[in-house]
Structures are given as structure tokens and as C-alpha cells.
Amino acid sequence: MIDNLLQAAIIINILSSMIRIATPILFAAMGELVAERSGVMNMGLEGTMLTAAFIGFIVAEKTGSLGLAILIASLSGAVMSLILAFMTITLGVDQIITGLALNLLASGGTLYWFRLDYAQTSLENTPLVDILNPINLPILSDIPYLGKIFFSHNILTYLSFLLVPVIWFFLYKASYGLKIRSLGENPKAADVTGTNVNKNRYIAVIIGGLMAGLGGAFVSIGSVERFFPDMTAGKGWLAIVIVIAGNWKPGRILLATLIFAFLDAFQLQVQSIGVHLPYQILLALPYIVAIIALISGRARSNAPQSLGIPYHRD
Amino acid sequence: METAENKKPRIKVEKREHASPIAQIVALVGAVALSIIVTGLLMYIGGADIKAGFIALFEGAFGSRQAIIESLVKATPLILTGLATVVAFRARIWNIGQEGQLYVGAIASYWAYLQFNSLPPIILLPLIILFALIGGALCGLIPAVIKAKFGVDEIIITIMLNYIVIYFLSWLLSGPWKDPNHYYQQSPSILESAHFPILLAHSRLHLGFILAIVAAILIYLLLSKTPLGYEINALGLNPTAARFQGIKVVKTMIIVMLISGALSGLAGTGELFGVIYRLKSTISLGYGYAGIIIAMLAGLNPLAVVPVAILFGGLINGSYYLQTTTNVPASIVYVIQAIVLLFFLGARAISLYKIRFIKND
């Protein structure tokens, strides 16, 4: 009896963590989907999230307002993606190198500012901030098991899951979403029918940046009370992998995100109940799975035809 | 809409295939100038006197004989990771895994050291270097094989491998290779018999620097004088045309990744046996990523990598000196590196455009 209760508690714990862990990746992956559907690959996603995580932390620390922190963090994601859009869409610079440069800028810039303001001598004992409280949804959170798993999270988690149907509707049912998709498939045809290719690609990339910004905000003020350098730890890259593994479809991206999040939640649980496995192997697991996912997912490619190709009129 | 636009004077922007040399130089100078301005701003934000800051940066980098030699020490791994990038990017293979390949080189050579450290240095050192080359090359081989067999893009695989290697190293250093006398994750000190020979008395300049310079010359010869070099360049210019010319694309790609990985591996072992003398996770302070920036700034020219890497080595030491004299965090160096790259990419792209003003009436 007690064993059963314990097992149930552990499973609920894992699944609830899964939903929490999925949040930032889901934001970033859904945003990346919009950008990639318009034909632009944002390889600076990792840096965009890290910047937003830091900005969210800073604003929360200086003003005490989490709402403002989320807003500014999201905007900082938009600014990062605007730089990427300018470099890749307007100047036609290679998307990979531009992304790399942005990631390095974010990694260095946040470290510099963090050291300057909070950690002159050491990276320990840095200030703490309040984080978003979980909101128990009325009635729903009282459902046995499910309530704890799905309906006791903070606002950003609800928002990220809500975004999945919204983005699906936007891309497949809304006329503007169709326009965005046409840019990724055949920008020339879109141009001929009077769509401003580059302007709309800018918009798609910035939407992606706003969402990656929300994901970044979750990484800091949505889950831990402090900031530490490179705290996004590859979540942006995982989001890029997940868009590929999810074959550029919102539903499958959600599924892929949940699988990765489950792995992570599982390893946390394994660690906390003291199973003797080197924790580093568990930490490396998502990246190993990412490689396997890329290898096995290549055959059913639904990738936008013009992904990664800058557009200019001849 | 069309007619309204036509009435205004229009700016016509035309793209050229190749930027003129003058435009390229102007772009480079412009990028450096902008980077210097931003660096000054960062120092100002950091609360330092800008003039004093730049003086400290220069003093720390090249202000004395000692400083110059130390900058060469720092440049050693950067030359190698820069060359690793040149070889790969020339073939348009986007190897971003230099950081991981560097660590695998260090890990493999440390393993060799553990097996063979009873041998005399004259045999031990070549073995260590050989294993570093093999380790780095194997780490480069994985993404190459995955790309060849499954058509999966190498960029993301190399990045995933960077993360995996770091965790693997962390496991080695917390378990099997941990120094039991220390709290931190690091190996015991390396025996003096396995240290790379020092080139100049009272300095830290080691054998690795010579190896890096030799590597630069070899890569230059490889790319400009050999059939393989021709194939690498052809692959980079146009893979489809290269295939029609009978170039075995997969084979070339695999060789490129082996060479690229081996060079990064060498960078790792140089730091381990030439400078730090312990395996730990801070052997590289982002040298893999800095190597990519250096290669880009050097225009993917292997010989130009050397002076650019020395400048970057100076920048790293300069930033340490800046920190001790002005309290500006030394991490300013990472921001400067990224800013230089961004401005350089932007300026180079702009130099490809010719802008003409056309008046329509």
C-alpha cells in the first residue's frame, strides 16, 4: 500500500516536472517554427534565450516586478532576433555564422554585465529574486493526480502550452500564417503576388524572438531564484533540434518537447532518490537523444523548401 | 504602389560577386574601429577611465617582453583551433565542434600519459601528441560519418557533441581520474617528465607554439599546393560542380573533419601538457569558439590565422591586466570577440554592395 502510494507520488512528480521543464523549450521551439516557416533559421536561439533569462533576472532584481521582467525579457529576445534578421535578411550574411556570433555575444555580454553588477569577486552568493508562483487553477487543480501534474504551474507554463494550438491555428488557418508559410516554401511566388518577402520574414523572426524571450524568462525567474552564466545550457539548441525532430509541425513539436522534458524530469528524479548512476551521463542524455532523433527523423522531412536561403529580387 | 515609389529618387543597391580589395580593407578597418568604440563604451560602463583602460589593455597584451611572450602562449591554442576552422570552412563544412574536439584531444592524450608515463620523454611526448591528434580526429569523424550516412547537418551534431564531451570530462574528473586530494574536479598534477619543453627560459612558451606554427605552414601548403587542397576548395565553392569534376565528396569531407578535429585536439594537449599540467574543465576558456572568430577574421587564410590569433592572445592577457588595474571584469574579452565578429560580418557584407543613387522623373 505504502509502496503504491510512493510510486504514484514519484510518477506524479516526474510528470509534473516534465510539464515544467517543457515550458522554455516549447516557447523557443514554437517561436523557431514560425521563423523557420518563413524561411529563416535562427541559429542564435541559445543566445536569445540566455539574454532574456539575464534581462528577466535583472529587471526582477531591480524593480521587484515579475510582470515587467517578463515583458522586458521577451522584448530583449525580440531585439536579439532583430539583429539576426538584419544581418541575415537585409545583409545576406550566413545564418550559421550570424547565429554563432549572437550566441557568443549573449554569452559574453551577460557574463560581463553579471560580473560587473553582481559578482565582482565570485559567482557564489549572488542576489536572489522572487520567482513566479504556481497558480492552482480552480476546480481543475483539485482533480486527483491530473491536477497536480497539469494545473499547478506558473503563468508562463500555461501560456506556453496554450501557444501550441494558437500557433497551429495561425500557421494553418489564418491567412497571415499562410502567407508566412509561403515565404518559406517559395518566396519568389509570394513576391509576385505582392507579398513583401523580407518585411514579413522580419516579422516572423521577431515573433520567434519574443517567444524565445519568454522561454528565456522562464529559465531564470520562472524556475530558479538566481542567474548564473550560460544558465540556458543548450536549451536553445535543443529547441532547434526539436523543430527538426517534430518535422516542422506544431503537434509533433509538442510531442518531441514532452519526450525531451520527460527524459530530463526522469533523470532529476533518479538523482534525487539516490540511484547510483553518474549524473553526468544523465545530463548528457538529452544531447545523445537529440543526435539519435536527428538521425532517425531525416526521412520524413517536411522542411520549408527555402529554409536558410536569403531572398533578393533578381 | 509601384508608381508612387518610382517618383522618388531611388537608391539602387547592387550585389557584386566579389568585393574589391579596397572595399574589403575599408570594411575591416571600419569593423575594427567600431569594435574599439564599443570596447571603450564597455570600459566606461564598467567604471574605468577609457584612456587608462586602453593603456592597460595594450600593456597587458604587448607592453613588455614578458607580456608579448605570454600573448604567444595564449595564441598557441587559438592558432590551432583557428586552423581547424579554416580547413573545415574552406570546404563549407560547418564544424562548430572545435571546443569538444579540443577536449577529446586533451582526454585522449591524458589517457596515453597514464599508460606510458614510465617511458622516457623522447618517446612519451610523441605518443601523447599522437593520441591527441587521434582523439580530436575521431571526435571530428563522428559528425562527418553521420552526415555522410544519414545526411544530417553537421552543425547541430558538432554542437551536441560539445555538450556531451563536457559532461563526459566532468564524469572522468569526478570519478576515475579525480585527484583524491582535491575538492575540485581535476586530475592529479602531471609528472614533470611529460611536460612540453619550454622554448624560452623564464617563460611559459612551450613546444606547442612551434607545433602551431608548423601546422599553419602545413595547412597553407595543403590548401594551396596539393590535390587534396584543390578538392577542399572546390567542395567549398560548389559541391555539385565538385561532384561533376569527379571529386569524391564524402571522402573529402571525412578527411577534412579528421584534419580539423586533429588540429583542435592538438590545441587541447598543448594546454594540458604545456601550460596547465592538470586535466580539468577549464583547460579551454572558449578557445574553440574564439578559433572560429579568428578564422573568419583571417579570411580563412591559414597564414593570416597566426597574426590574428596572436592579437586575440594579447586581447585575453590585456583583459586580465585591465581587470587588475581597473576592476573591469576580464570577461569583457568575450564581448569584444563577439562584437568584432558581428561588425566584421556586417562590414564584409556591406562591402559586397555597390550603392547607386538613381533619380527617376
# chains A, B, ... in the order shown; residues from 1 in each chain; ligands from 1
>>> residues_around(residues="Ser264 of chain B", least_positions_apart="5", cutoff="6 Å", atoms="only C-alpha atoms", output="list in words")
Leu80, Thr81, Gln98, Gln101 and Leu102 of chain B
>>> write_last_selection(atoms="C-alpha atoms", output="PDB file, in the first residue's frame")
ATOM      1  CA  LEU B  80      45.285  25.619 -33.839  1.00  0.00           C
ATOM      2  CA  THR B  81      41.527  26.000 -33.385  1.00  0.00           C
ATOM      3  CA  GLN B  98      36.264  22.720 -32.016  1.00  0.00           C
ATOM      4  CA  GLN B 101      37.361  18.196 -30.208  1.00  0.00           C
ATOM      5  CA  LEU B 102      39.887  20.165 -28.178  1.00  0.00           C
TER       6      LEU B 102
END
>>> interface_residues(of="chain A", to="chain B", cutoff="8 Å", atoms="only C-alpha atoms", output="PyMOL selection string")
chain A and resi 87+91-93+98+101-102+104-105+107-109+111-112+115-116+120+234+237+241+278-281+283-284+287-288+290-291+294-295+298
>>> write_last_selection(atoms="C-alpha atoms", output="compact mmCIF listing (two decimals), in the first residue's frame")
# COMPACT_ATOMS: atom_id res chain seq x y z
CA MET A 87 22.29 40.51 -40.59
CA LEU A 91 22.74 41.94 -45.38
CA GLY A 92 22.55 38.33 -46.50
CA VAL A 93 25.22 37.16 -44.04
CA THR A 98 25.50 35.11 -37.57
CA ALA A 101 28.18 35.44 -33.29
CA LEU A 102 24.94 36.24 -31.46
CA LEU A 104 28.88 34.41 -28.26
CA LEU A 105 27.68 37.98 -27.79
CA SER A 107 27.28 34.51 -23.51
CA GLY A 108 29.97 37.18 -23.15
CA GLY A 109 27.63 40.13 -22.67
CA LEU A 111 28.71 37.30 -18.14
CA TYR A 112 30.31 40.76 -18.32
CA ARG A 115 30.22 40.15 -13.10
CA LEU A 116 30.06 43.93 -13.13
CA GLN A 120 32.85 41.11 -8.94
CA GLY A 234 21.81 24.22 -24.57
CA TRP A 237 19.91 24.26 -29.38
CA VAL A 241 16.65 20.04 -32.81
CA PRO A 278 26.91 9.03 -12.77
CA TYR A 279 24.79 12.17 -13.02
CA GLN A 280 26.83 13.42 -15.95
CA ILE A 281 25.58 10.58 -18.13
CA LEU A 283 22.76 15.20 -18.03
CA ALA A 284 24.25 14.26 -21.40
CA TYR A 287 22.01 15.65 -26.30
CA ILE A 288 22.60 12.00 -27.13
CA ALA A 290 18.94 14.69 -29.90
CA ILE A 291 21.56 13.15 -32.18
CA LEU A 294 18.12 13.81 -35.94
CA ILE A 295 19.43 10.60 -37.47
CA ARG A 298 15.66 12.68 -41.59
>>> residues_around(residues="segment 196-203 of chain A", least_positions_apart="5", cutoff="9 Å", atoms="only C-alpha atoms", output="list in words")
Ala35, Ser38, Gly39, Val40, Ser81, Leu82, Ala85, Phe86, Ile89, Thr90, Lys179, Ile180, Leu183, Gly184, Pro187, Lys188, Ala190, Asp191, Gly208, Pro310, Tyr311 and His312 of chain A
>>> residues_around(residues="Ile316 of chain B", least_positions_apart="2", cutoff="9 Å", atoms="only C-alpha atoms", output="PyMOL selection string")
chain B and resi 57+60-61+71+74+311-314+318-321+330-331+333-334
>>> residues_around(residues="segment 103-117 of chain B", least_positions_apart="2", cutoff="6 Å", atoms="only C-alpha atoms", output="PyMOL selection string")
chain B and resi 100-101+119+128+131-132+135-136+265+268-269
>>> write_last_selection(atoms="C-alpha atoms", output="tab-separated table (two decimals), in the first residue's frame")
chain	number	residue	atom	x	y	z
B	100	GLY	CA	34.60	19.45	-27.91
B	101	GLN	CA	37.36	18.20	-30.21
B	119	LEU	CA	58.69	5.81	-20.80
B	128	ILE	CA	50.96	12.00	-26.16
B	131	PHE	CA	46.91	10.36	-29.17
B	132	ALA	CA	45.73	13.97	-29.04
B	135	GLY	CA	41.32	11.72	-30.26
B	136	GLY	CA	40.45	15.04	-31.88
B	265	GLY	CA	42.91	18.01	-30.36
B	268	GLY	CA	43.88	20.70	-26.12
B	269	THR	CA	47.00	18.69	-25.43
>>> select_by_dssp(residues="segment 17-260 of chain A", states="strand (DSSP E or B)", output="number ranges by chain")
A: 135-136, 152-153
>>> write_last_selection(atoms="N, CA and C atoms", output="PDB file, in the first residue's frame")
ATOM      1  N   ILE A 135       0.142  28.845 -10.006  1.00  0.00           N
ATOM      2  CA  ILE A 135      -1.269  29.216  -9.885  1.00  0.00           C
ATOM      3  C   ILE A 135      -2.072  27.922  -9.971  1.00  0.00           C
ATOM      4  N   ASN A 136      -2.735  27.560  -8.882  1.00  0.00           N
ATOM      5  CA  ASN A 136      -3.590  26.377  -8.914  1.00  0.00           C
ATOM      6  C   ASN A 136      -4.903  26.753  -9.577  1.00  0.00           C
ATOM      7  N   SER A 152      -1.062  22.961 -11.753  1.00  0.00           N
ATOM      8  CA  SER A 152      -0.456  23.695 -10.631  1.00  0.00           C
ATOM      9  C   SER A 152       0.881  24.285 -11.062  1.00  0.00           C
ATOM     10  N   HIS A 153       0.873  25.008 -12.137  1.00  0.00           N
ATOM     11  CA  HIS A 153       2.112  25.589 -12.657  1.00  0.00           C
ATOM     12  C   HIS A 153       2.014  27.106 -12.703  1.00  0.00           C
TER      13      HIS A 153
END
>>> select_by_dssp(residues="segment 26-119 of chain A", states="alpha helix (DSSP H)", output="JSON, numbers by chain")
{"A": [26, 27, 28, 29, 30, 31, 32, 33, 34, 35, 36, 37, 45, 46, 47, 48, 49, 50, 51, 52, 53, 54, 55, 56, 57, 58, 59, 60, 61, 62, 63, 66, 67, 68, 69, 70, 71, 72, 73, 74, 75, 76, 77, 78, 79, 80, 81, 82, 83, 84, 85, 95, 96, 97, 98, 99, 100, 101, 102, 103, 104, 105, 106, 107, 108, 109, 110, 111, 112, 113, 114, 115, 116, 117]}
>>> write_last_selection(atoms="C-alpha atoms", output="PDB file, in the first residue's frame")
ATOM      1  CA  LEU A  26       8.244  24.780 -26.030  1.00  0.00           C
ATOM      2  CA  PHE A  27       8.304  28.583 -26.174  1.00  0.00           C
ATOM      3  CA  ALA A  28      11.581  28.603 -28.082  1.00  0.00           C
ATOM      4  CA  ALA A  29      10.640  25.761 -30.426  1.00  0.00           C
ATOM      5  CA  MET A  30       7.247  27.269 -31.306  1.00  0.00           C
ATOM      6  CA  GLY A  31       8.924  30.611 -31.979  1.00  0.00           C
ATOM      7  CA  GLU A  32      11.595  28.940 -34.059  1.00  0.00           C
ATOM      8  CA  LEU A  33       8.876  27.145 -36.001  1.00  0.00           C
ATOM      9  CA  VAL A  34       7.326  30.469 -37.028  1.00  0.00           C
ATOM     10  CA  ALA A  35      10.721  31.859 -38.072  1.00  0.00           C
ATOM     11  CA  GLU A  36      11.719  28.738 -39.976  1.00  0.00           C
ATOM     12  CA  ARG A  37       8.332  28.525 -41.672  1.00  0.00           C
ATOM     13  CA  LEU A  45      18.266  30.899 -30.347  1.00  0.00           C
ATOM     14  CA  GLU A  46      20.522  29.819 -27.483  1.00  0.00           C
ATOM     15  CA  GLY A  47      21.899  33.338 -27.112  1.00  0.00           C
ATOM     16  CA  THR A  48      18.444  34.861 -27.457  1.00  0.00           C
ATOM     17  CA  MET A  49      17.163  32.739 -24.566  1.00  0.00           C
ATOM     18  CA  LEU A  50      20.217  33.431 -22.438  1.00  0.00           C
ATOM     19  CA  THR A  51      19.883  37.175 -22.967  1.00  0.00           C
ATOM     20  CA  ALA A  52      16.234  37.059 -21.977  1.00  0.00           C
ATOM     21  CA  ALA A  53      16.996  34.913 -18.926  1.00  0.00           C
ATOM     22  CA  PHE A  54      19.500  37.518 -17.799  1.00  0.00           C
ATOM     23  CA  ILE A  55      17.361  40.552 -18.603  1.00  0.00           C
ATOM     24  CA  GLY A  56      14.429  38.935 -16.805  1.00  0.00           C
ATOM     25  CA  PHE A  57      16.598  38.393 -13.759  1.00  0.00           C
ATOM     26  CA  ILE A  58      17.966  41.947 -13.826  1.00  0.00           C
ATOM     27  CA  VAL A  59      14.567  43.597 -14.157  1.00  0.00           C
ATOM     28  CA  ALA A  60      13.116  41.393 -11.414  1.00  0.00           C
ATOM     29  CA  GLU A  61      16.051  42.208  -9.160  1.00  0.00           C
ATOM     30  CA  LYS A  62      15.962  45.969  -9.778  1.00  0.00           C
ATOM     31  CA  THR A  63      12.195  46.568  -9.816  1.00  0.00           C
ATOM     32  CA  LEU A  66       7.864  39.988 -12.336  1.00  0.00           C
ATOM     33  CA  GLY A  67       5.322  41.157 -14.902  1.00  0.00           C
ATOM     34  CA  LEU A  68       7.663  43.878 -16.067  1.00  0.00           C
ATOM     35  CA  ALA A  69      10.550  41.406 -16.012  1.00  0.00           C
ATOM     36  CA  ILE A  70       8.706  39.000 -18.304  1.00  0.00           C
ATOM     37  CA  LEU A  71       7.740  41.808 -20.671  1.00  0.00           C
ATOM     38  CA  ILE A  72      11.259  43.230 -20.963  1.00  0.00           C
ATOM     39  CA  ALA A  73      12.822  39.781 -21.209  1.00  0.00           C
ATOM     40  CA  SER A  74      10.522  38.983 -24.097  1.00  0.00           C
ATOM     41  CA  LEU A  75      11.373  42.294 -25.767  1.00  0.00           C
ATOM     42  CA  SER A  76      15.085  41.584 -25.319  1.00  0.00           C
ATOM     43  CA  GLY A  77      14.504  38.342 -27.217  1.00  0.00           C
ATOM     44  CA  ALA A  78      12.899  40.383 -29.971  1.00  0.00           C
ATOM     45  CA  VAL A  79      15.894  42.731 -30.078  1.00  0.00           C
ATOM     46  CA  MET A  80      18.317  39.824 -30.411  1.00  0.00           C
ATOM     47  CA  SER A  81      16.280  38.344 -33.223  1.00  0.00           C
ATOM     48  CA  LEU A  82      16.076  41.766 -34.869  1.00  0.00           C
ATOM     49  CA  ILE A  83      19.872  41.828 -35.042  1.00  0.00           C
ATOM     50  CA  LEU A  84      19.810  38.358 -36.575  1.00  0.00           C
ATOM     51  CA  ALA A  85      17.122  39.405 -39.038  1.00  0.00           C
ATOM     52  CA  GLN A  95      22.776  32.359 -40.946  1.00  0.00           C
ATOM     53  CA  ILE A  96      25.049  29.906 -39.150  1.00  0.00           C
ATOM     54  CA  ILE A  97      27.886  32.335 -38.538  1.00  0.00           C
ATOM     55  CA  THR A  98      25.499  35.115 -37.572  1.00  0.00           C
ATOM     56  CA  GLY A  99      23.796  32.826 -35.087  1.00  0.00           C
ATOM     57  CA  LEU A 100      27.135  31.806 -33.660  1.00  0.00           C
ATOM     58  CA  ALA A 101      28.182  35.445 -33.288  1.00  0.00           C
ATOM     59  CA  LEU A 102      24.936  36.241 -31.458  1.00  0.00           C
ATOM     60  CA  ASN A 103      25.369  33.288 -29.123  1.00  0.00           C
ATOM     61  CA  LEU A 104      28.884  34.411 -28.264  1.00  0.00           C
ATOM     62  CA  LEU A 105      27.677  37.979 -27.789  1.00  0.00           C
ATOM     63  CA  ALA A 106      24.963  36.812 -25.403  1.00  0.00           C
ATOM     64  CA  SER A 107      27.276  34.507 -23.507  1.00  0.00           C
ATOM     65  CA  GLY A 108      29.968  37.181 -23.146  1.00  0.00           C
ATOM     66  CA  GLY A 109      27.628  40.127 -22.670  1.00  0.00           C
ATOM     67  CA  THR A 110      25.580  38.539 -19.905  1.00  0.00           C
ATOM     68  CA  LEU A 111      28.711  37.297 -18.143  1.00  0.00           C
ATOM     69  CA  TYR A 112      30.305  40.757 -18.320  1.00  0.00           C
ATOM     70  CA  TRP A 113      27.251  42.562 -17.018  1.00  0.00           C
ATOM     71  CA  PHE A 114      26.625  39.935 -14.339  1.00  0.00           C
ATOM     72  CA  ARG A 115      30.216  40.155 -13.103  1.00  0.00           C
ATOM     73  CA  LEU A 116      30.059  43.928 -13.128  1.00  0.00           C
ATOM     74  CA  ASP A 117      26.831  44.278 -11.174  1.00  0.00           C
TER      75      ASP A 117
END
>>> residues_around(residues="Val305 of chain B", least_positions_apart="4", cutoff="12 Å", atoms="only C-alpha atoms", output="PDB file with N, CA and C atoms, in the first residue's frame")
ATOM      1  N   ALA B  75      48.154  32.544 -27.594  1.00  0.00           N
ATOM      2  CA  ALA B  75      47.823  32.415 -29.016  1.00  0.00           C
ATOM      3  C   ALA B  75      47.940  30.973 -29.492  1.00  0.00           C
ATOM      4  N   THR B  76      48.755  30.161 -28.791  1.00  0.00           N
ATOM      5  CA  THR B  76      49.040  28.807 -29.268  1.00  0.00           C
ATOM      6  C   THR B  76      47.776  27.978 -29.543  1.00  0.00           C
ATOM      7  N   PRO B  77      46.879  27.801 -28.565  1.00  0.00           N
ATOM      8  CA  PRO B  77      45.673  27.019 -28.887  1.00  0.00           C
ATOM      9  C   PRO B  77      44.785  27.725 -29.908  1.00  0.00           C
ATOM     10  N   LEU B  78      44.818  29.058 -29.894  1.00  0.00           N
ATOM     11  CA  LEU B  78      43.946  29.807 -30.800  1.00  0.00           C
ATOM     12  C   LEU B  78      44.369  29.623 -32.253  1.00  0.00           C
ATOM     13  N   ILE B  79      45.689  29.560 -32.486  1.00  0.00           N
ATOM     14  CA  ILE B  79      46.168  29.303 -33.853  1.00  0.00           C
ATOM     15  C   ILE B  79      45.613  27.962 -34.323  1.00  0.00           C
ATOM     16  N   LEU B  80      45.695  26.968 -33.445  1.00  0.00           N
ATOM     17  CA  LEU B  80      45.285  25.619 -33.839  1.00  0.00           C
ATOM     18  C   LEU B  80      43.770  25.513 -34.059  1.00  0.00           C
ATOM     19  N   THR B  81      42.975  26.067 -33.158  1.00  0.00           N
ATOM     20  CA  THR B  81      41.527  26.000 -33.385  1.00  0.00           C
ATOM     21  C   THR B  81      41.129  26.875 -34.576  1.00  0.00           C
ATOM     22  N   GLY B  82      41.884  27.966 -34.787  1.00  0.00           N
ATOM     23  CA  GLY B  82      41.646  28.793 -35.971  1.00  0.00           C
ATOM     24  C   GLY B  82      41.902  27.997 -37.244  1.00  0.00           C
ATOM     25  N   LEU B  83      43.016  27.268 -37.276  1.00  0.00           N
ATOM     26  CA  LEU B  83      43.334  26.439 -38.442  1.00  0.00           C
ATOM     27  C   LEU B  83      42.294  25.338 -38.630  1.00  0.00           C
ATOM     28  N   ALA B  84      41.852  24.756 -37.516  1.00  0.00           N
ATOM     29  CA  ALA B  84      40.825  23.711 -37.588  1.00  0.00           C
ATOM     30  C   ALA B  84      39.583  24.254 -38.288  1.00  0.00           C
ATOM     31  N   THR B  85      39.254  25.507 -37.973  1.00  0.00           N
ATOM     32  CA  THR B  85      38.093  26.136 -38.605  1.00  0.00           C
ATOM     33  C   THR B  85      38.351  26.405 -40.077  1.00  0.00           C
ATOM     34  N   VAL B  86      39.560  26.900 -40.395  1.00  0.00           N
ATOM     35  CA  VAL B  86      39.892  27.221 -41.785  1.00  0.00           C
ATOM     36  C   VAL B  86      39.694  25.999 -42.674  1.00  0.00           C
ATOM     37  N   VAL B  87      40.274  24.870 -42.250  1.00  0.00           N
ATOM     38  CA  VAL B  87      40.195  23.661 -43.076  1.00  0.00           C
ATOM     39  C   VAL B  87      38.736  23.279 -43.332  1.00  0.00           C
ATOM     40  N   ALA B 212      52.146  24.716 -33.504  1.00  0.00           N
ATOM     41  CA  ALA B 212      51.083  25.523 -34.104  1.00  0.00           C
ATOM     42  C   ALA B 212      51.572  26.234 -35.355  1.00  0.00           C
ATOM     43  N   ILE B 213      52.796  26.786 -35.283  1.00  0.00           N
ATOM     44  CA  ILE B 213      53.334  27.489 -36.449  1.00  0.00           C
ATOM     45  C   ILE B 213      53.561  26.496 -37.600  1.00  0.00           C
ATOM     46  N   ALA B 215      51.984  23.753 -38.045  1.00  0.00           N
ATOM     47  CA  ALA B 215      50.658  23.381 -38.546  1.00  0.00           C
ATOM     48  C   ALA B 215      50.136  24.432 -39.518  1.00  0.00           C
ATOM     49  N   ALA B 216      50.361  25.713 -39.189  1.00  0.00           N
ATOM     50  CA  ALA B 216      49.876  26.779 -40.071  1.00  0.00           C
ATOM     51  C   ALA B 216      50.523  26.666 -41.441  1.00  0.00           C
ATOM     52  N   ILE B 217      51.838  26.399 -41.445  1.00  0.00           N
ATOM     53  CA  ILE B 217      52.544  26.283 -42.726  1.00  0.00           C
ATOM     54  C   ILE B 217      52.047  25.050 -43.494  1.00  0.00           C
ATOM     55  N   ILE B 219      49.149  23.539 -43.255  1.00  0.00           N
ATOM     56  CA  ILE B 219      47.782  23.732 -43.760  1.00  0.00           C
ATOM     57  C   ILE B 219      47.798  24.670 -44.962  1.00  0.00           C
ATOM     58  N   TYR B 220      48.687  25.665 -44.906  1.00  0.00           N
ATOM     59  CA  TYR B 220      48.816  26.557 -46.067  1.00  0.00           C
ATOM     60  C   TYR B 220      49.243  25.758 -47.294  1.00  0.00           C
ATOM     61  N   ALA B 290      36.554  30.896 -30.050  1.00  0.00           N
ATOM     62  CA  ALA B 290      37.408  32.010 -30.480  1.00  0.00           C
ATOM     63  C   ALA B 290      38.112  31.650 -31.788  1.00  0.00           C
ATOM     64  N   GLY B 291      38.470  30.373 -31.937  1.00  0.00           N
ATOM     65  CA  GLY B 291      39.124  29.929 -33.168  1.00  0.00           C
ATOM     66  C   GLY B 291      38.258  30.176 -34.395  1.00  0.00           C
ATOM     67  N   ILE B 292      36.958  30.016 -34.237  1.00  0.00           N
ATOM     68  CA  ILE B 292      36.038  30.256 -35.355  1.00  0.00           C
ATOM     69  C   ILE B 292      36.076  31.738 -35.728  1.00  0.00           C
ATOM     70  N   ILE B 293      36.045  32.589 -34.712  1.00  0.00           N
ATOM     71  CA  ILE B 293      36.086  34.035 -34.974  1.00  0.00           C
ATOM     72  C   ILE B 293      37.400  34.392 -35.665  1.00  0.00           C
ATOM     73  N   ILE B 294      38.499  33.846 -35.154  1.00  0.00           N
ATOM     74  CA  ILE B 294      39.818  34.150 -35.702  1.00  0.00           C
ATOM     75  C   ILE B 294      39.895  33.737 -37.171  1.00  0.00           C
ATOM     76  N   ALA B 295      39.401  32.546 -37.468  1.00  0.00           N
ATOM     77  CA  ALA B 295      39.436  32.067 -38.854  1.00  0.00           C
ATOM     78  C   ALA B 295      38.633  32.979 -39.768  1.00  0.00           C
ATOM     79  N   MET B 296      37.477  33.438 -39.293  1.00  0.00           N
ATOM     80  CA  MET B 296      36.655  34.328 -40.114  1.00  0.00           C
ATOM     81  C   MET B 296      37.392  35.645 -40.368  1.00  0.00           C
ATOM     82  N   LEU B 297      37.971  36.216 -39.294  1.00  0.00           N
ATOM     83  CA  LEU B 297      38.679  37.488 -39.447  1.00  0.00           C
ATOM     84  C   LEU B 297      39.890  37.318 -40.359  1.00  0.00           C
ATOM     85  N   ALA B 298      40.497  36.131 -40.338  1.00  0.00           N
ATOM     86  CA  ALA B 298      41.672  35.878 -41.174  1.00  0.00           C
ATOM     87  C   ALA B 298      41.266  35.553 -42.611  1.00  0.00           C
ATOM     88  N   GLY B 299      39.982  35.682 -42.902  1.00  0.00           N
ATOM     89  CA  GLY B 299      39.532  35.416 -44.258  1.00  0.00           C
ATOM     90  C   GLY B 299      39.775  33.973 -44.668  1.00  0.00           C
ATOM     91  N   LEU B 300      39.755  33.061 -43.728  1.00  0.00           N
ATOM     92  CA  LEU B 300      40.007  31.632 -43.945  1.00  0.00           C
ATOM     93  C   LEU B 300      41.366  31.389 -44.591  1.00  0.00           C
ATOM     94  N   ASN B 301      42.300  32.281 -44.330  1.00  0.00           N
ATOM     95  CA  ASN B 301      43.664  32.117 -44.834  1.00  0.00           C
ATOM     96  C   ASN B 301      44.538  31.581 -43.692  1.00  0.00           C
ATOM     97  N   ALA B 309      45.489  35.343 -34.400  1.00  0.00           N
ATOM     98  CA  ALA B 309      45.447  34.602 -33.133  1.00  0.00           C
ATOM     99  C   ALA B 309      46.343  35.271 -32.088  1.00  0.00           C
ATOM    100  N   ILE B 310      47.484  35.793 -32.529  1.00  0.00           N
ATOM    101  CA  ILE B 310      48.375  36.479 -31.580  1.00  0.00           C
ATOM    102  C   ILE B 310      47.690  37.741 -31.030  1.00  0.00           C
ATOM    103  N   LEU B 311      46.990  38.453 -31.919  1.00  0.00           N
ATOM    104  CA  LEU B 311      46.228  39.621 -31.449  1.00  0.00           C
ATOM    105  C   LEU B 311      45.186  39.206 -30.412  1.00  0.00           C
ATOM    106  N   PHE B 312      44.507  38.107 -30.690  1.00  0.00           N
ATOM    107  CA  PHE B 312      43.485  37.634 -29.754  1.00  0.00           C
ATOM    108  C   PHE B 312      44.117  37.153 -28.448  1.00  0.00           C
ATOM    109  N   GLY B 313      45.285  36.495 -28.564  1.00  0.00           N
ATOM    110  CA  GLY B 313      46.000  36.074 -27.356  1.00  0.00           C
ATOM    111  C   GLY B 313      46.340  37.290 -26.516  1.00  0.00           C
TER     112      GLY B 313
END
>>> atom_distance(atom1="atom CA of Phe150 of chain A", atom2="atom CA of Ile19 of chain A")
7.1 Å
>>> residues_around(residues="segment 232-237 of chain B", least_positions_apart="4", cutoff="8 Å", atoms="only C-alpha atoms", output="number ranges by chain")
B: 87, 89-93, 223, 228, 241-242, 249, 252-253, 256
